[in-house]
Amino acid sequence: MVNILMFGPPGSGKGTQSVTLAEKYNLLHLSTGDMLRAELAAGTPLGKKMEAIMAAGELVPDDVVIALIAGKIDSTTGKAGFIFDGFPRTVEQAEALQKMLGGKGMKIDLMLVLEVNDAELMERMKKRALVSGRADDADENIINNRIAVYRAKTEPVIDFGRKAGFLRSVDGVGSIDAIFGRLCKEMETVI
Ligand code: ADP
């Protein structure tokens, strides 16, 4: 089993690229953002509790996402591994994931970081707002907050990956196909 982290700021293309990578390499795509939005859409008690946090662009508590991920890892069969999208988003989540995988005889094999400049990110998020219907995409202040939260809480995970030796940076600007090609090159070093 191979475990890939797809990493990058909001709007960097993690979701888009994770879906196609998951298809190509028979991985289960695990997006905590999608899982949380599914809870919201289903109106579960958890979803109701998380709604305001997500709408403000803040992070939901670590234990909530860790539990969501653990449930999926335990119930999956027939896949070559996992691609984690939007998780881990804090160093605490990264440590919890490492421990969880270690307990099952697995490890984090690769952390792919999509590098995209702030101006390009803002452009993409504004475009996405027109089609996504997401409350956290609709307001420039909330987008700015998500980028600030990323810089403060999530970017430190990059250092974690660098120290652990599984970090690979990839240029996230260009056509979707060109970026996919760059990511596949890195994937092939572990698959
Ligand atoms: P983005 O487009 O910003 O990458 P996501 O779809 O990954 O957004 O996540 C949307 C929102 O869900 C986040 O702003 C946050 O409130 C919540 N969320 C998703 N994943 C996590 C996580 N791993 N830890 C904490 N909060 C999360």
# chains A, B, ... in the order shown; residues from 1 in each chain; ligands from 1
call {"tool": "select_by_dssp", "arguments": {"residues": "range 8-183 of chain A", "states": "strand (DSSP E)", "output": "list of chain:residue names"}}
result
A:Leu27, A:Leu28, A:His29, A:Leu30, A:Ser31, A:Gly81, A:Phe82, A:Ile83, A:Phe84, A:Asp85, A:Leu110, A:Met111, A:Leu112, A:Val113, A:Leu114, A:Glu115, A:Leu167, A:Arg168, A:Ser169, A:Val170, A:Asp171
call {"tool": "residues_around", "arguments": {"residues": "range 82-87 of chain A", "least_positions_apart": "3", "cutoff": "6 Å", "atoms": "only C-alpha atoms", "output": "PDB file with C-alpha atoms, in the first residue's frame"}}
result
ATOM      1  CA  ASN A   3       0.298   6.610   0.880  1.00  0.00           C
ATOM      2  CA  ILE A   4       0.489   9.934  -0.932  1.00  0.00           C
ATOM      3  CA  LEU A   5      -0.179  13.375   0.540  1.00  0.00           C
ATOM      4  CA  MET A   6      -1.396  15.999  -1.909  1.00  0.00           C
ATOM      5  CA  LEU A  27      -5.693   4.789  -5.022  1.00  0.00           C
ATOM      6  CA  LEU A  28      -8.588   5.754  -2.779  1.00  0.00           C
ATOM      7  CA  HIS A  29      -9.000   9.539  -2.868  1.00  0.00           C
ATOM      8  CA  LEU A  30      -9.590  10.829   0.654  1.00  0.00           C
ATOM      9  CA  SER A  31     -10.593  14.500   0.773  1.00  0.00           C
ATOM     10  CA  THR A  32     -11.478  15.696   4.262  1.00  0.00           C
TER      11      THR A  32
END
call {"tool": "residues_around", "arguments": {"residues": "range 89-106 of chain A", "least_positions_apart": "5", "cutoff": "9 Å", "atoms": "only C-alpha atoms", "output": "PDB file with N, CA, C and O atoms, in the first residue's frame"}}
result
ATOM      1  N   MET A   1       0.842  -1.202   0.000  1.00  0.00           N
ATOM      2  CA  MET A   1       0.000   0.000   0.000  1.00  0.00           C
ATOM      3  C   MET A   1       0.873   1.247   0.000  1.00  0.00           C
ATOM      4  O   MET A   1       1.801   1.352   0.783  1.00  0.00           O
ATOM      5  N   VAL A   2       0.515   2.188  -0.863  1.00  0.00           N
ATOM      6  CA  VAL A   2       1.288   3.416  -0.950  1.00  0.00           C
ATOM      7  C   VAL A   2       0.421   4.579  -0.431  1.00  0.00           C
ATOM      8  O   VAL A   2      -0.791   4.589  -0.643  1.00  0.00           O
ATOM      9  N   ASN A   3       1.045   5.484   0.307  1.00  0.00           N
ATOM     10  CA  ASN A   3       0.298   6.610   0.880  1.00  0.00           C
ATOM     11  C   ASN A   3       0.894   7.924   0.408  1.00  0.00           C
ATOM     12  O   ASN A   3       2.056   8.220   0.677  1.00  0.00           O
ATOM     13  N   PHE A   7      -0.572  18.163  -1.336  1.00  0.00           N
ATOM     14  CA  PHE A   7      -0.453  19.327  -0.482  1.00  0.00           C
ATOM     15  C   PHE A   7      -0.388  20.616  -1.296  1.00  0.00           C
ATOM     16  O   PHE A   7       0.125  20.610  -2.407  1.00  0.00           O
ATOM     17  N   LEU A  59     -10.204  26.044  10.552  1.00  0.00           N
ATOM     18  CA  LEU A  59     -10.045  24.595  10.545  1.00  0.00           C
ATOM     19  C   LEU A  59     -10.970  23.954  11.568  1.00  0.00           C
ATOM     20  O   LEU A  59     -11.110  24.462  12.687  1.00  0.00           O
ATOM     21  N   ASP A  62      -8.856  18.952  15.065  1.00  0.00           N
ATOM     22  CA  ASP A  62      -8.036  17.830  14.570  1.00  0.00           C
ATOM     23  C   ASP A  62      -8.716  16.478  14.792  1.00  0.00           C
ATOM     24  O   ASP A  62      -8.714  15.622  13.903  1.00  0.00           O
ATOM     25  N   ASP A  63      -9.279  16.260  15.988  1.00  0.00           N
ATOM     26  CA  ASP A  63      -9.823  14.926  16.287  1.00  0.00           C
ATOM     27  C   ASP A  63     -10.982  14.569  15.350  1.00  0.00           C
ATOM     28  O   ASP A  63     -11.195  13.397  15.044  1.00  0.00           O
ATOM     29  N   VAL A  65     -11.338  15.392  12.026  1.00  0.00           N
ATOM     30  CA  VAL A  65     -10.852  14.893  10.730  1.00  0.00           C
ATOM     31  C   VAL A  65     -10.053  13.600  10.888  1.00  0.00           C
ATOM     32  O   VAL A  65     -10.109  12.712  10.029  1.00  0.00           O
ATOM     33  N   ILE A  66      -9.340  13.474  11.984  1.00  0.00           N
ATOM     34  CA  ILE A  66      -8.570  12.244  12.214  1.00  0.00           C
ATOM     35  C   ILE A  66      -9.532  11.050  12.297  1.00  0.00           C
ATOM     36  O   ILE A  66      -9.279   9.992  11.707  1.00  0.00           O
ATOM     37  N   ILE A  69     -10.844  10.147   8.780  1.00  0.00           N
ATOM     38  CA  ILE A  69      -9.813   9.450   7.990  1.00  0.00           C
ATOM     39  C   ILE A  69      -9.629   8.013   8.493  1.00  0.00           C
ATOM     40  O   ILE A  69      -9.557   7.064   7.701  1.00  0.00           O
ATOM     41  N   ALA A  70      -9.565   7.835   9.807  1.00  0.00           N
ATOM     42  CA  ALA A  70      -9.340   6.498  10.376  1.00  0.00           C
ATOM     43  C   ALA A  70     -10.439   5.547   9.922  1.00  0.00           C
ATOM     44  O   ALA A  70     -10.176   4.404   9.546  1.00  0.00           O
ATOM     45  N   ILE A  73      -9.780   4.475   6.279  1.00  0.00           N
ATOM     46  CA  ILE A  73      -8.617   3.592   6.108  1.00  0.00           C
ATOM     47  C   ILE A  73      -8.993   2.177   6.530  1.00  0.00           C
ATOM     48  O   ILE A  73      -8.653   1.197   5.865  1.00  0.00           O
ATOM     49  N   TYR A 150      -3.870  28.764   6.110  1.00  0.00           N
ATOM     50  CA  TYR A 150      -2.926  27.842   5.454  1.00  0.00           C
ATOM     51  C   TYR A 150      -1.485  28.216   5.820  1.00  0.00           C
ATOM     52  O   TYR A 150      -0.695  27.367   6.217  1.00  0.00           O
ATOM     53  N   LYS A 153      -1.038  27.605   9.901  1.00  0.00           N
ATOM     54  CA  LYS A 153      -1.210  26.281  10.526  1.00  0.00           C
ATOM     55  C   LYS A 153      -0.809  25.126   9.621  1.00  0.00           C
ATOM     56  O   LYS A 153      -0.401  24.077  10.104  1.00  0.00           O
ATOM     57  N   THR A 154      -0.984  25.306   8.314  1.00  0.00           N
ATOM     58  CA  THR A 154      -0.780  24.166   7.412  1.00  0.00           C
ATOM     59  C   THR A 154       0.624  24.145   6.825  1.00  0.00           C
ATOM     60  O   THR A 154       1.232  23.083   6.712  1.00  0.00           O
ATOM     61  N   GLU A 155       1.153  25.321   6.491  1.00  0.00           N
ATOM     62  CA  GLU A 155       2.486  25.345   5.884  1.00  0.00           C
ATOM     63  C   GLU A 155       3.555  24.668   6.752  1.00  0.00           C
ATOM     64  O   GLU A 155       4.465  24.038   6.201  1.00  0.00           O
ATOM     65  N   PRO A 156       3.476  24.739   8.079  1.00  0.00           N
ATOM     66  CA  PRO A 156       4.474  24.018   8.890  1.00  0.00           C
ATOM     67  C   PRO A 156       4.553  22.517   8.597  1.00  0.00           C
ATOM     68  O   PRO A 156       5.575  21.899   8.875  1.00  0.00           O
ATOM     69  N   VAL A 157       3.496  21.957   8.011  1.00  0.00           N
ATOM     70  CA  VAL A 157       3.535  20.525   7.655  1.00  0.00           C
ATOM     71  C   VAL A 157       4.592  20.283   6.563  1.00  0.00           C
ATOM     72  O   VAL A 157       5.148  19.189   6.450  1.00  0.00           O
ATOM     73  N   ILE A 158       4.893  21.330   5.761  1.00  0.00           N
ATOM     74  CA  ILE A 158       5.919  21.194   4.723  1.00  0.00           C
ATOM     75  C   ILE A 158       7.274  20.890   5.364  1.00  0.00           C
ATOM     76  O   ILE A 158       8.016  20.018   4.908  1.00  0.00           O
ATOM     77  N   PHE A 160       7.737  19.514   8.228  1.00  0.00           N
ATOM     78  CA  PHE A 160       7.592  18.148   8.740  1.00  0.00           C
ATOM     79  C   PHE A 160       7.965  17.144   7.631  1.00  0.00           C
ATOM     80  O   PHE A 160       8.740  16.213   7.852  1.00  0.00           O
ATOM     81  N   GLY A 161       7.453  17.371   6.436  1.00  0.00           N
ATOM     82  CA  GLY A 161       7.726  16.470   5.307  1.00  0.00           C
ATOM     83  C   GLY A 161       9.169  16.549   4.851  1.00  0.00           C
ATOM     84  O   GLY A 161       9.759  15.541   4.456  1.00  0.00           O
TER      85      GLY A 161
END
call {"tool": "select_by_dssp", "arguments": {"residues": "range 121-181 of chain A", "states": "alpha helix (DSSP H)", "output": "number ranges by chain"}}
result
A: 121-132, 140-149, 156-164, 176-181
call {"tool": "write_last_selection", "arguments": {"atoms": "N, CA and C atoms", "output": "mmCIF file, in the first residue's frame"}}
result
data_model
loop_
_atom_site.group_PDB
_atom_site.id
_atom_site.type_symbol
_atom_site.label_atom_id
_atom_site.label_comp_id
_atom_site.auth_asym_id
_atom_site.auth_seq_id
_atom_site.Cartn_x
_atom_site.Cartn_y
_atom_site.Cartn_z
ATOM 1 N N LEU A 121 -3.575 32.116 -7.305
ATOM 2 C CA LEU A 121 -4.531 31.442 -6.402
ATOM 3 C C LEU A 121 -5.830 32.226 -6.318
ATOM 4 N N MET A 122 -5.693 33.546 -6.095
ATOM 5 C CA MET A 122 -6.870 34.414 -5.937
ATOM 6 C C MET A 122 -7.724 34.369 -7.209
ATOM 7 N N GLU A 123 -7.075 34.446 -8.367
ATOM 8 C CA GLU A 123 -7.741 34.372 -9.666
ATOM 9 C C GLU A 123 -8.572 33.086 -9.777
ATOM 10 N N ARG A 124 -7.919 31.939 -9.442
ATOM 11 C CA ARG A 124 -8.589 30.634 -9.569
ATOM 12 C C ARG A 124 -9.761 30.513 -8.610
ATOM 13 N N MET A 125 -9.594 31.019 -7.374
ATOM 14 C CA MET A 125 -10.654 30.894 -6.372
ATOM 15 C C MET A 125 -11.871 31.715 -6.789
ATOM 16 N N LYS A 126 -11.616 32.884 -7.384
ATOM 17 C CA LYS A 126 -12.740 33.724 -7.831
ATOM 18 C C LYS A 126 -13.505 33.010 -8.935
ATOM 19 N N LYS A 127 -12.782 32.372 -9.824
ATOM 20 C CA LYS A 127 -13.425 31.616 -10.914
ATOM 21 C C LYS A 127 -14.219 30.453 -10.334
ATOM 22 N N ARG A 128 -13.605 29.747 -9.371
ATOM 23 C CA ARG A 128 -14.267 28.577 -8.800
ATOM 24 C C ARG A 128 -15.551 28.984 -8.077
ATOM 25 N N ALA A 129 -15.536 30.185 -7.465
ATOM 26 C CA ALA A 129 -16.705 30.663 -6.725
ATOM 27 C C ALA A 129 -17.945 30.698 -7.614
ATOM 28 N N LEU A 130 -17.748 30.953 -8.919
ATOM 29 C CA LEU A 130 -18.885 31.069 -9.831
ATOM 30 C C LEU A 130 -19.576 29.724 -10.051
ATOM 31 N N VAL A 131 -18.858 28.624 -9.826
ATOM 32 C CA VAL A 131 -19.433 27.301 -10.108
ATOM 33 C C VAL A 131 -19.543 26.375 -8.899
ATOM 34 N N SER A 132 -18.768 26.606 -7.839
ATOM 35 C CA SER A 132 -18.695 25.601 -6.762
ATOM 36 C C SER A 132 -19.903 25.634 -5.825
ATOM 37 N N GLU A 140 -14.416 37.232 -0.663
ATOM 38 C CA GLU A 140 -12.962 37.454 -0.740
ATOM 39 C C GLU A 140 -12.311 37.452 0.639
ATOM 40 N N ASN A 141 -13.020 37.980 1.655
ATOM 41 C CA ASN A 141 -12.452 37.995 3.017
ATOM 42 C C ASN A 141 -12.229 36.578 3.537
ATOM 43 N N ILE A 142 -13.176 35.701 3.205
ATOM 44 C CA ILE A 142 -13.061 34.311 3.681
ATOM 45 C C ILE A 142 -11.953 33.586 2.927
ATOM 46 N N ILE A 143 -11.829 33.871 1.644
ATOM 47 C CA ILE A 143 -10.717 33.272 0.877
ATOM 48 C C ILE A 143 -9.397 33.727 1.482
ATOM 49 N N ASN A 144 -9.300 35.036 1.777
ATOM 50 C CA ASN A 144 -8.063 35.551 2.384
ATOM 51 C C ASN A 144 -7.790 34.885 3.721
ATOM 52 N N ASN A 145 -8.850 34.641 4.491
ATOM 53 C CA ASN A 145 -8.666 33.973 5.788
ATOM 54 C C ASN A 145 -8.166 32.542 5.600
ATOM 55 N N ARG A 146 -8.714 31.855 4.585
ATOM 56 C CA ARG A 146 -8.260 30.476 4.345
ATOM 57 C C ARG A 146 -6.785 30.445 3.960
ATOM 58 N N ILE A 147 -6.364 31.454 3.169
ATOM 59 C CA ILE A 147 -4.945 31.500 2.793
ATOM 60 C C ILE A 147 -4.096 31.799 4.041
ATOM 61 N N ALA A 148 -4.597 32.702 4.912
ATOM 62 C CA ALA A 148 -3.849 33.036 6.141
ATOM 63 C C ALA A 148 -3.763 31.820 7.065
ATOM 64 N N VAL A 149 -4.866 31.077 7.188
ATOM 65 C CA VAL A 149 -4.877 29.860 8.023
ATOM 66 C C VAL A 149 -3.894 28.846 7.438
ATOM 67 N N PRO A 156 3.476 24.739 8.079
ATOM 68 C CA PRO A 156 4.474 24.018 8.890
ATOM 69 C C PRO A 156 4.553 22.517 8.597
ATOM 70 N N VAL A 157 3.496 21.957 8.011
ATOM 71 C CA VAL A 157 3.535 20.525 7.655
ATOM 72 C C VAL A 157 4.592 20.283 6.563
ATOM 73 N N ILE A 158 4.893 21.330 5.761
ATOM 74 C CA ILE A 158 5.919 21.194 4.723
ATOM 75 C C ILE A 158 7.274 20.890 5.364
ATOM 76 N N ASP A 159 7.586 21.597 6.442
ATOM 77 C CA ASP A 159 8.842 21.355 7.169
ATOM 78 C C ASP A 159 8.896 19.937 7.716
ATOM 79 N N PHE A 160 7.737 19.514 8.228
ATOM 80 C CA PHE A 160 7.592 18.148 8.740
ATOM 81 C C PHE A 160 7.965 17.144 7.631
ATOM 82 N N GLY A 161 7.453 17.371 6.436
ATOM 83 C CA GLY A 161 7.726 16.470 5.307
ATOM 84 C C GLY A 161 9.169 16.549 4.851
ATOM 85 N N ARG A 162 9.718 17.757 4.900
ATOM 86 C CA ARG A 162 11.114 17.934 4.482
ATOM 87 C C ARG A 162 12.023 17.144 5.420
ATOM 88 N N LYS A 163 11.763 17.301 6.722
ATOM 89 C CA LYS A 163 12.599 16.603 7.711
ATOM 90 C C LYS A 163 12.455 15.099 7.589
ATOM 91 N N ALA A 164 11.227 14.653 7.295
ATOM 92 C CA ALA A 164 10.981 13.213 7.196
ATOM 93 C C ALA A 164 11.534 12.642 5.882
ATOM 94 N N ILE A 176 -3.583 21.758 -16.829
ATOM 95 C CA ILE A 176 -3.888 20.651 -15.916
ATOM 96 C C ILE A 176 -3.096 19.410 -16.335
ATOM 97 N N ASP A 177 -3.002 19.183 -17.656
ATOM 98 C CA ASP A 177 -2.268 18.011 -18.161
ATOM 99 C C ASP A 177 -0.779 18.111 -17.870
ATOM 100 N N ALA A 178 -0.228 19.303 -18.053
ATOM 101 C CA ALA A 178 1.218 19.476 -17.812
ATOM 102 C C ALA A 178 1.529 19.231 -16.330
ATOM 103 N N ILE A 179 0.685 19.752 -15.457
ATOM 104 C CA ILE A 179 0.911 19.561 -14.012
ATOM 105 C C ILE A 179 0.750 18.086 -13.658
ATOM 106 N N PHE A 180 -0.256 17.440 -14.262
ATOM 107 C CA PHE A 180 -0.462 16.008 -14.020
ATOM 108 C C PHE A 180 0.793 15.221 -14.400
ATOM 109 N N GLY A 181 1.391 15.565 -15.528
ATOM 110 C CA GLY A 181 2.617 14.896 -15.976
ATOM 111 C C GLY A 181 3.737 15.048 -14.960
#
call {"tool": "closest_residue", "arguments": {"among": "A:Asp136, A:Asp74, A:Leu110, A:Val60", "to": "Cys184 in chain A", "atoms": "only C-alpha atoms"}}
result
A:Leu110
call {"tool": "closest_residue", "arguments": {"among": "A:Met35, A:Val64, A:Met54, A:Met111", "to": "ligand 1", "atoms": "only C-alpha atoms and all ligand atoms"}}
result
A:Met54
call {"tool": "closest_residue", "arguments": {"among": "A:Ser18, A:Gly133, A:Lys185, A:Met50", "to": "ligand 1", "atoms": "only C-alpha atoms and all ligand atoms"}}
result
A:Met50
call {"tool": "closest_residue", "arguments": {"among": "A:Val116, A:Val190, A:Ala56, A:Leu183", "to": "ligand 1", "atoms": "only C-alpha atoms and all ligand atoms"}}
result
A:Ala56
call {"tool": "closest_residue", "arguments": {"among": "A:Glu58, A:Gly81, A:Ala22, A:Thr44", "to": "ligand 1", "atoms": "only C-alpha atoms and all ligand atoms"}}
result
A:Glu58
call {"tool": "closest_residue", "arguments": {"among": "A:Leu114, A:Ser12, A:Val19, A:Thr189", "to": "Asp34 in chain A", "atoms": "only C-alpha atoms"}}
result
A:Val19
